[in-house]
Number of protein chains: 2
Amino acid sequence: MRRLVVIEFLSLDGVYQAPGDPDEDREGGFAFGGWQRPYFDEVLGGMAVEGMARTDAQLFGRKTFEKMAAYWPNAPEADPYADHLNNVQKYVASTTLRDEDVTWQHTTVLRGDVVDEIRRIKEQAGQNIGVLGSGNLVKTLADNDLVDEYDLAVYPLVLGSGKRLFTGVEMRTLELTDSRTTTTGGVLLTYRPAR
Amino acid sequence: MRRLVVIEFLSLDGVYQAPGDPDEDREGGFAFGGWQRPYFDEVLGGMAVEGMARTDAQLFGRKTFEKMAAYWPNAPEADPYADHLNNVQKYVASTTLRDEDVTWQHTTVLRGDVVDEIRRIKEQAGQNIGVLGSGNLVKTLADNDLVDEYDLAVYPLVLGSGKRLFTGVEMRTLELTDSRTTTTGGVLLTYRPAR
């Protein structure tokens with residue numbers, strides 16, 4: 001059974017919105033896009049490279065997919081994230097995306113019941129399935145017990161507004177399996193569902 | 001200058017509501033009161049005892065004060081928290097509490113401008129001033145640069161609803177100064193304002 005790993009950059013108040021770029025997601029008037037950039041360091045980078053080596057599929061919600069698909073195909077090839085994201089099998093959960101809207105290579109649109117589709121993909125042979133951002137999808141995944149690991153990078157700033165992860169998720173207990181600090185005051189927390 | 005230390009128990013999704021008791025705070029229909037209890041351990045207890053030894057005043061918002069004042073005066077005297085909380089100087093920020101409503105010993109009601117009052121108290125000789133819970137007050141303290149340290153105990157459960165700390169706070173960068181894990185999967189994170 002493949003493992004589904006949710007990876008999120010969070011502010012100390014749990015905001016996951018637009019960590020990478022000012023224009024990544026301005027919904028709700030969010031003006032702090034790119035907030036995670038000053039905190040990127042070799043500890044996070046090392047964990048990301050390790051994680052990508054264990055991952056042969058990425059699953060996205062529609063909004064996150066559209067942002068990523070607009071950026072990564074044109075990113076420098078030498079970038080390890082570009083190499084991974086452009087070449088890995090990608091799934092996007094969307095009932096509205098048309099095939100002709102999807103030009104990012106190796107992408108499959110999941111149009112059926114997303115829970116059934118993901119159960120089916122998890123039963124296929126393969127490595128980990130990664131999820132980046134995609135907060136609405138994470139709620140569905142969490143509520144249906146489809147998440148095997150949460151890798152949360154929590155950074156030392158309070159944003160005070162923005163989309164917060166886990167809003168409306170059903171109550172759920174987890175277990176902490178790893179904890180590291182970055183050189184920039186981040187904490188990298190790994191959880192799995194409580195047994 | 002005395003240091004103001006904000007101490008919070010948080011779920012992984014940043015909820016600070018009613019950690020200790022089912023009936024502590026049911027506002028918004030919150031049904032998870034007492035969620036922190038299974039996670040209490042000797043690591044947290046040790047840090048709390050150290051913290052209390054450096055603290056000779058506690059500052060509360062009105063709601064948290066009323067919950068605490070209803071509980072601690074009748075708690076077993078041998079309890080180190082009861083000993084501290086009952087005997088320390090207490091301040092409660094409230095324009096509505098009347099003196100006759102306040103029976104918990106060593107309590108002063110701050111009825112003036114809370115920011116001015118707390119600046120004045122911080123300038124007095126003394127040890128640390130602690131703040132427990134009091135989420136609305138924490139917003140005012142944070143936005144007015146009155147917090148010197150945040151001690152956040154983050155526990156491995158997602159509540160999905162409830163009052164979240166830092167909602168509406170102005171954007172603010174911090175520095176991580178300490179990080180420990182508890183035996184129950186909690187992470188004890190200490191922050192100070194970024195210089």
# chains A, B, ... in the order shown; residues from 1 in each chain; ligands from 1

call {"tool": "select_by_dssp", "arguments": {"residues": "chain A", "states": "alpha helix (DSSP H)", "output": "CSV table (one decimal) with C-alpha atoms, in the first residue's frame"}}
result
chain,number,residue,atom,x,y,z
A,42,GLU,CA,19.7,23.5,4.0
A,43,VAL,CA,17.9,21.5,6.7
A,44,LEU,CA,14.5,21.9,4.9
A,45,GLY,CA,16.2,21.4,1.5
A,46,GLY,CA,17.8,18.2,2.6
A,47,MET,CA,14.5,16.8,3.9
A,48,ALA,CA,12.8,17.8,0.7
A,49,VAL,CA,15.4,16.0,-1.4
A,50,GLU,CA,15.1,12.9,0.8
A,51,GLY,CA,11.3,13.1,0.5
A,52,MET,CA,11.3,13.5,-3.3
A,53,ALA,CA,13.5,10.4,-3.6
A,62,ARG,CA,-7.3,22.2,-8.4
A,63,LYS,CA,-6.1,25.6,-7.2
A,64,THR,CA,-2.7,24.5,-6.1
A,65,PHE,CA,-2.3,22.5,-9.4
A,66,GLU,CA,-3.1,25.6,-11.5
A,67,LYS,CA,-0.4,27.7,-9.6
A,68,MET,CA,2.2,24.9,-9.9
A,69,ALA,CA,1.4,24.2,-13.6
A,70,ALA,CA,1.9,27.9,-14.4
A,71,TYR,CA,5.3,28.0,-12.8
A,80,PRO,CA,15.8,19.7,-8.2
A,81,TYR,CA,12.2,20.6,-7.4
A,82,ALA,CA,11.5,21.4,-11.1
A,83,ASP,CA,13.1,18.1,-12.1
A,84,HIS,CA,10.9,16.2,-9.7
A,85,LEU,CA,7.6,18.0,-10.2
A,86,ASN,CA,7.9,18.1,-14.0
A,87,ASN,CA,8.8,14.5,-14.3
A,114,VAL,CA,-11.9,11.7,-5.1
A,115,VAL,CA,-11.9,9.4,-2.1
A,116,ASP,CA,-12.5,6.3,-4.3
A,117,GLU,CA,-9.9,7.5,-6.8
A,118,ILE,CA,-7.2,8.0,-4.2
A,119,ARG,CA,-8.0,4.7,-2.5
A,120,ARG,CA,-7.5,3.0,-5.9
A,121,ILE,CA,-4.2,4.9,-6.5
A,122,LYS,CA,-2.9,4.0,-3.0
A,123,GLU,CA,-3.5,0.3,-3.8
A,135,GLY,CA,-5.7,22.8,1.8
A,136,ASN,CA,-9.3,22.0,0.7
A,137,LEU,CA,-8.2,18.6,-0.5
A,138,VAL,CA,-6.3,17.9,2.7
A,139,LYS,CA,-9.5,18.3,4.6
A,140,THR,CA,-11.1,15.6,2.5
A,141,LEU,CA,-8.1,13.3,2.8
A,142,ALA,CA,-7.9,13.8,6.6
A,143,ASP,CA,-11.6,13.2,7.1

call {"tool": "residues_around", "arguments": {"residues": "B:Phe40", "least_positions_apart": "4", "cutoff": "9 Å", "atoms": "only C-alpha atoms", "output": "list in words"}}
result
Gln36, Leu44, Gly45, Thr182, Thr183, Thr184 and Gly186 of chain B

call {"tool": "write_last_selection", "arguments": {"atoms": "N, CA, C and O atoms", "output": "PDB file, in the first residue's frame"}}
result
ATOM      1  N   GLN B  36      -6.324  18.754  26.408  1.00  0.00           N
ATOM      2  CA  GLN B  36      -4.892  18.712  26.722  1.00  0.00           C
ATOM      3  C   GLN B  36      -4.550  17.702  27.808  1.00  0.00           C
ATOM      4  O   GLN B  36      -3.396  17.279  27.916  1.00  0.00           O
ATOM      5  N   LEU B  44       6.457  18.760  30.575  1.00  0.00           N
ATOM      6  CA  LEU B  44       5.652  19.982  30.715  1.00  0.00           C
ATOM      7  C   LEU B  44       5.618  20.426  32.175  1.00  0.00           C
ATOM      8  O   LEU B  44       5.807  21.608  32.481  1.00  0.00           O
ATOM      9  N   GLY B  45       5.389  19.473  33.070  1.00  0.00           N
ATOM     10  CA  GLY B  45       5.310  19.804  34.493  1.00  0.00           C
ATOM     11  C   GLY B  45       6.597  20.459  34.988  1.00  0.00           C
ATOM     12  O   GLY B  45       6.556  21.453  35.719  1.00  0.00           O
ATOM     13  N   THR B 182       7.832  16.525  24.400  1.00  0.00           N
ATOM     14  CA  THR B 182       7.361  15.861  25.611  1.00  0.00           C
ATOM     15  C   THR B 182       7.275  14.354  25.348  1.00  0.00           C
ATOM     16  O   THR B 182       7.413  13.901  24.206  1.00  0.00           O
ATOM     17  N   THR B 183       7.019  13.598  26.405  1.00  0.00           N
ATOM     18  CA  THR B 183       6.894  12.136  26.260  1.00  0.00           C
ATOM     19  C   THR B 183       5.583  11.745  25.585  1.00  0.00           C
ATOM     20  O   THR B 183       5.381  10.590  25.223  1.00  0.00           O
ATOM     21  N   THR B 184       4.687  12.723  25.418  1.00  0.00           N
ATOM     22  CA  THR B 184       3.363  12.438  24.857  1.00  0.00           C
ATOM     23  C   THR B 184       3.194  13.006  23.449  1.00  0.00           C
ATOM     24  O   THR B 184       2.065  13.119  22.958  1.00  0.00           O
ATOM     25  N   GLY B 186       4.048  16.051  22.447  1.00  0.00           N
ATOM     26  CA  GLY B 186       3.935  17.509  22.393  1.00  0.00           C
ATOM     27  C   GLY B 186       5.269  18.138  22.021  1.00  0.00           C
ATOM     28  O   GLY B 186       6.323  17.525  22.201  1.00  0.00           O
TER      29      GLY B 186
END

call {"tool": "atom_distance", "arguments": {"atom1": "atom CA of B:Val6", "atom2": "atom CA of A:Thr181"}}
result
21.5 Å

call {"tool": "atom_distance", "arguments": {"atom1": "atom CA of A:Lys163", "atom2": "atom CA of B:Arg164"}}
result
12.6 Å

call {"tool": "interface_residues", "arguments": {"of": "chain A", "to": "chain B", "cutoff": "7 Å", "atoms": "only C-alpha atoms", "output": "PyMOL selection string"}}
result
chain A and resi 13-14+156-161+165-176+185

call {"tool": "write_last_selection", "arguments": {"atoms": "all heavy atoms", "output": "compact mmCIF listing (two decimals), in the first residue's frame"}}
result
# COMPACT_ATOMS: atom_id res chain seq x y z
N ASP A 13 0.77 30.56 13.29
CA ASP A 13 -0.68 30.52 13.47
C ASP A 13 -1.38 29.66 12.42
O ASP A 13 -2.59 29.81 12.19
CB ASP A 13 -1.29 31.93 13.55
CG ASP A 13 -0.87 32.86 12.42
OD1 ASP A 13 0.22 32.67 11.85
OD2 ASP A 13 -1.63 33.79 12.12
N GLY A 14 -0.65 28.75 11.79
CA GLY A 14 -1.28 27.72 10.98
C GLY A 14 -1.72 28.13 9.59
O GLY A 14 -2.50 27.42 8.96
N PRO A 156 8.72 30.78 12.30
CA PRO A 156 8.55 31.67 13.45
C PRO A 156 7.98 33.04 13.08
O PRO A 156 8.60 34.07 13.34
CB PRO A 156 9.98 31.79 14.00
CG PRO A 156 10.84 31.68 12.79
CD PRO A 156 10.14 30.69 11.89
N LEU A 157 6.82 33.01 12.49
CA LEU A 157 6.14 34.29 12.28
C LEU A 157 4.64 34.07 12.41
O LEU A 157 4.13 32.98 12.15
CB LEU A 157 6.50 34.93 10.94
CG LEU A 157 5.79 34.47 9.67
CD1 LEU A 157 6.14 35.43 8.54
CD2 LEU A 157 6.17 33.06 9.31
N VAL A 158 3.99 35.12 12.85
CA VAL A 158 2.55 35.14 13.00
C VAL A 158 2.00 35.99 11.87
O VAL A 158 2.42 37.14 11.72
CB VAL A 158 2.16 35.75 14.37
CG1 VAL A 158 0.66 35.94 14.47
CG2 VAL A 158 2.68 34.88 15.50
N LEU A 159 1.10 35.46 11.06
CA LEU A 159 0.53 36.24 9.96
C LEU A 159 -0.78 36.90 10.37
O LEU A 159 -1.08 38.00 9.94
CB LEU A 159 0.33 35.35 8.73
CG LEU A 159 1.65 34.84 8.11
CD1 LEU A 159 1.39 33.84 6.99
CD2 LEU A 159 2.50 36.00 7.59
N GLY A 160 -1.56 36.22 11.20
CA GLY A 160 -2.78 36.84 11.74
C GLY A 160 -3.98 36.75 10.82
O GLY A 160 -5.11 36.97 11.24
N SER A 161 -3.74 36.47 9.54
CA SER A 161 -4.83 36.29 8.59
C SER A 161 -4.34 35.35 7.49
O SER A 161 -3.14 35.13 7.35
CB SER A 161 -5.26 37.63 7.99
OG SER A 161 -4.18 38.21 7.28
N LEU A 165 -4.69 25.84 7.72
CA LEU A 165 -4.83 24.40 7.49
C LEU A 165 -5.74 23.79 8.54
O LEU A 165 -5.78 24.28 9.68
CB LEU A 165 -3.45 23.76 7.55
CG LEU A 165 -3.35 22.34 6.97
CD1 LEU A 165 -3.55 22.35 5.46
CD2 LEU A 165 -1.99 21.72 7.30
N PHE A 166 -6.41 22.74 8.19
CA PHE A 166 -7.22 21.94 9.11
C PHE A 166 -8.52 22.61 9.55
O PHE A 166 -9.20 22.11 10.44
CB PHE A 166 -6.43 21.56 10.38
CG PHE A 166 -5.24 20.68 10.16
CD1 PHE A 166 -3.98 21.03 10.65
CD2 PHE A 166 -5.36 19.49 9.47
CE1 PHE A 166 -2.88 20.20 10.48
CE2 PHE A 166 -4.26 18.66 9.28
CZ PHE A 166 -3.02 19.02 9.80
N THR A 167 -8.89 23.75 8.92
CA THR A 167 -10.15 24.38 9.29
C THR A 167 -11.30 23.46 8.92
O THR A 167 -11.41 23.03 7.77
CB THR A 167 -10.30 25.74 8.58
OG1 THR A 167 -9.25 26.59 9.03
CG2 THR A 167 -11.64 26.38 8.91
N GLY A 168 -12.12 23.12 9.90
CA GLY A 168 -13.29 22.30 9.66
C GLY A 168 -13.02 20.80 9.59
O GLY A 168 -13.96 20.02 9.37
N VAL A 169 -11.76 20.42 9.79
CA VAL A 169 -11.44 18.98 9.79
C VAL A 169 -12.07 18.33 11.02
O VAL A 169 -12.19 18.96 12.07
CB VAL A 169 -9.90 18.81 9.78
CG1 VAL A 169 -9.49 17.37 10.10
CG2 VAL A 169 -9.34 19.22 8.42
N GLU A 170 -12.46 17.08 10.90
CA GLU A 170 -12.98 16.36 12.07
C GLU A 170 -11.88 16.14 13.09
O GLU A 170 -10.73 15.94 12.73
CB GLU A 170 -13.53 14.99 11.64
CG GLU A 170 -14.81 15.10 10.82
CD GLU A 170 -15.17 13.78 10.16
OE1 GLU A 170 -14.73 12.72 10.65
OE2 GLU A 170 -15.89 13.82 9.15
N MET A 171 -12.22 16.11 14.37
CA MET A 171 -11.23 15.91 15.43
C MET A 171 -10.48 14.61 15.20
O MET A 171 -11.09 13.60 14.85
CB MET A 171 -11.92 15.89 16.79
CG MET A 171 -11.00 16.16 17.94
SD MET A 171 -10.01 14.75 18.50
CE MET A 171 -11.02 14.26 19.90
N ARG A 172 -9.17 14.66 15.44
CA ARG A 172 -8.34 13.52 15.08
C ARG A 172 -7.05 13.56 15.88
O ARG A 172 -6.43 14.63 15.98
CB ARG A 172 -8.02 13.66 13.59
CG ARG A 172 -7.51 12.46 12.87
CD ARG A 172 -7.81 12.65 11.40
NE ARG A 172 -9.26 12.65 11.19
CZ ARG A 172 -9.94 11.58 10.78
NH1 ARG A 172 -9.33 10.45 10.54
NH2 ARG A 172 -11.24 11.64 10.63
N THR A 173 -6.64 12.45 16.42
CA THR A 173 -5.38 12.42 17.17
C THR A 173 -4.27 11.86 16.29
O THR A 173 -4.49 10.99 15.45
CB THR A 173 -5.50 11.57 18.44
OG1 THR A 173 -5.97 10.27 18.09
CG2 THR A 173 -6.50 12.20 19.41
N LEU A 174 -3.07 12.39 16.50
CA LEU A 174 -1.90 12.02 15.72
C LEU A 174 -0.80 11.58 16.68
O LEU A 174 -0.95 11.67 17.90
CB LEU A 174 -1.42 13.21 14.89
CG LEU A 174 -2.47 13.86 13.95
CD1 LEU A 174 -1.90 15.12 13.32
CD2 LEU A 174 -2.89 12.88 12.86
N GLU A 175 0.30 11.09 16.09
CA GLU A 175 1.51 10.80 16.89
C GLU A 175 2.68 11.54 16.26
O GLU A 175 2.85 11.51 15.05
CB GLU A 175 1.81 9.30 16.87
CG GLU A 175 0.81 8.46 17.62
CD GLU A 175 1.07 6.96 17.49
OE1 GLU A 175 2.12 6.58 16.92
OE2 GLU A 175 0.22 6.19 17.95
N LEU A 176 3.48 12.16 17.11
CA LEU A 176 4.70 12.84 16.64
C LEU A 176 5.76 11.77 16.41
O LEU A 176 6.08 11.01 17.32
CB LEU A 176 5.18 13.83 17.70
CG LEU A 176 6.42 14.64 17.36
CD1 LEU A 176 6.13 15.69 16.28
CD2 LEU A 176 6.96 15.33 18.62
N GLY A 185 15.04 28.93 12.51
CA GLY A 185 14.00 28.98 13.53
C GLY A 185 12.72 28.25 13.16
O GLY A 185 11.71 28.39 13.84

call {"tool": "atom_distance", "arguments": {"atom1": "atom CA of A:Arg37", "atom2": "atom CA of A:Asp21"}}
result
8.0 Å

call {"tool": "residues_around", "arguments": {"residues": "B:Leu59", "least_positions_apart": "6", "cutoff": "6 Å", "atoms": "only C-alpha atoms", "output": "JSON, numbers by chain"}}
result
{"B": [90, 91, 92, 131]}

call {"tool": "write_last_selection", "arguments": {"atoms": "N, CA, C and O atoms", "output": "CSV table (one decimal), in the first residue's frame"}}
result
chain,number,residue,atom,x,y,z
B,90,LYS,N,-2.3,38.9,41.1
B,90,LYS,CA,-3.0,38.7,39.8
B,90,LYS,C,-3.6,40.0,39.3
B,90,LYS,O,-4.0,40.9,40.1
B,91,TYR,N,-3.5,40.2,38.0
B,91,TYR,CA,-4.2,41.3,37.4
B,91,TYR,C,-5.2,40.8,36.4
B,91,TYR,O,-4.9,39.8,35.7
B,92,VAL,N,-6.3,41.4,36.3
B,92,VAL,CA,-7.3,41.1,35.3
B,92,VAL,C,-7.7,42.4,34.6
B,92,VAL,O,-8.0,43.4,35.2
B,131,VAL,N,1.0,35.1,31.4
B,131,VAL,CA,-0.3,35.2,30.8
B,131,VAL,C,-0.7,33.8,30.4
B,131,VAL,O,0.1,33.1,29.7

call {"tool": "residues_around", "arguments": {"residues": "A:Val88", "least_positions_apart": "4", "cutoff": "8 Å", "atoms": "only C-alpha atoms", "output": "ChimeraX atom specification"}}
result
/A:56-58,84,106

call {"tool": "residues_around", "arguments": {"residues": "B:Ala31", "least_positions_apart": "4", "cutoff": "10 Å", "atoms": "only C-alpha atoms", "output": "PyMOL selection string"}}
result
chain B and resi 18+22-23+25-27+35+159+161-162
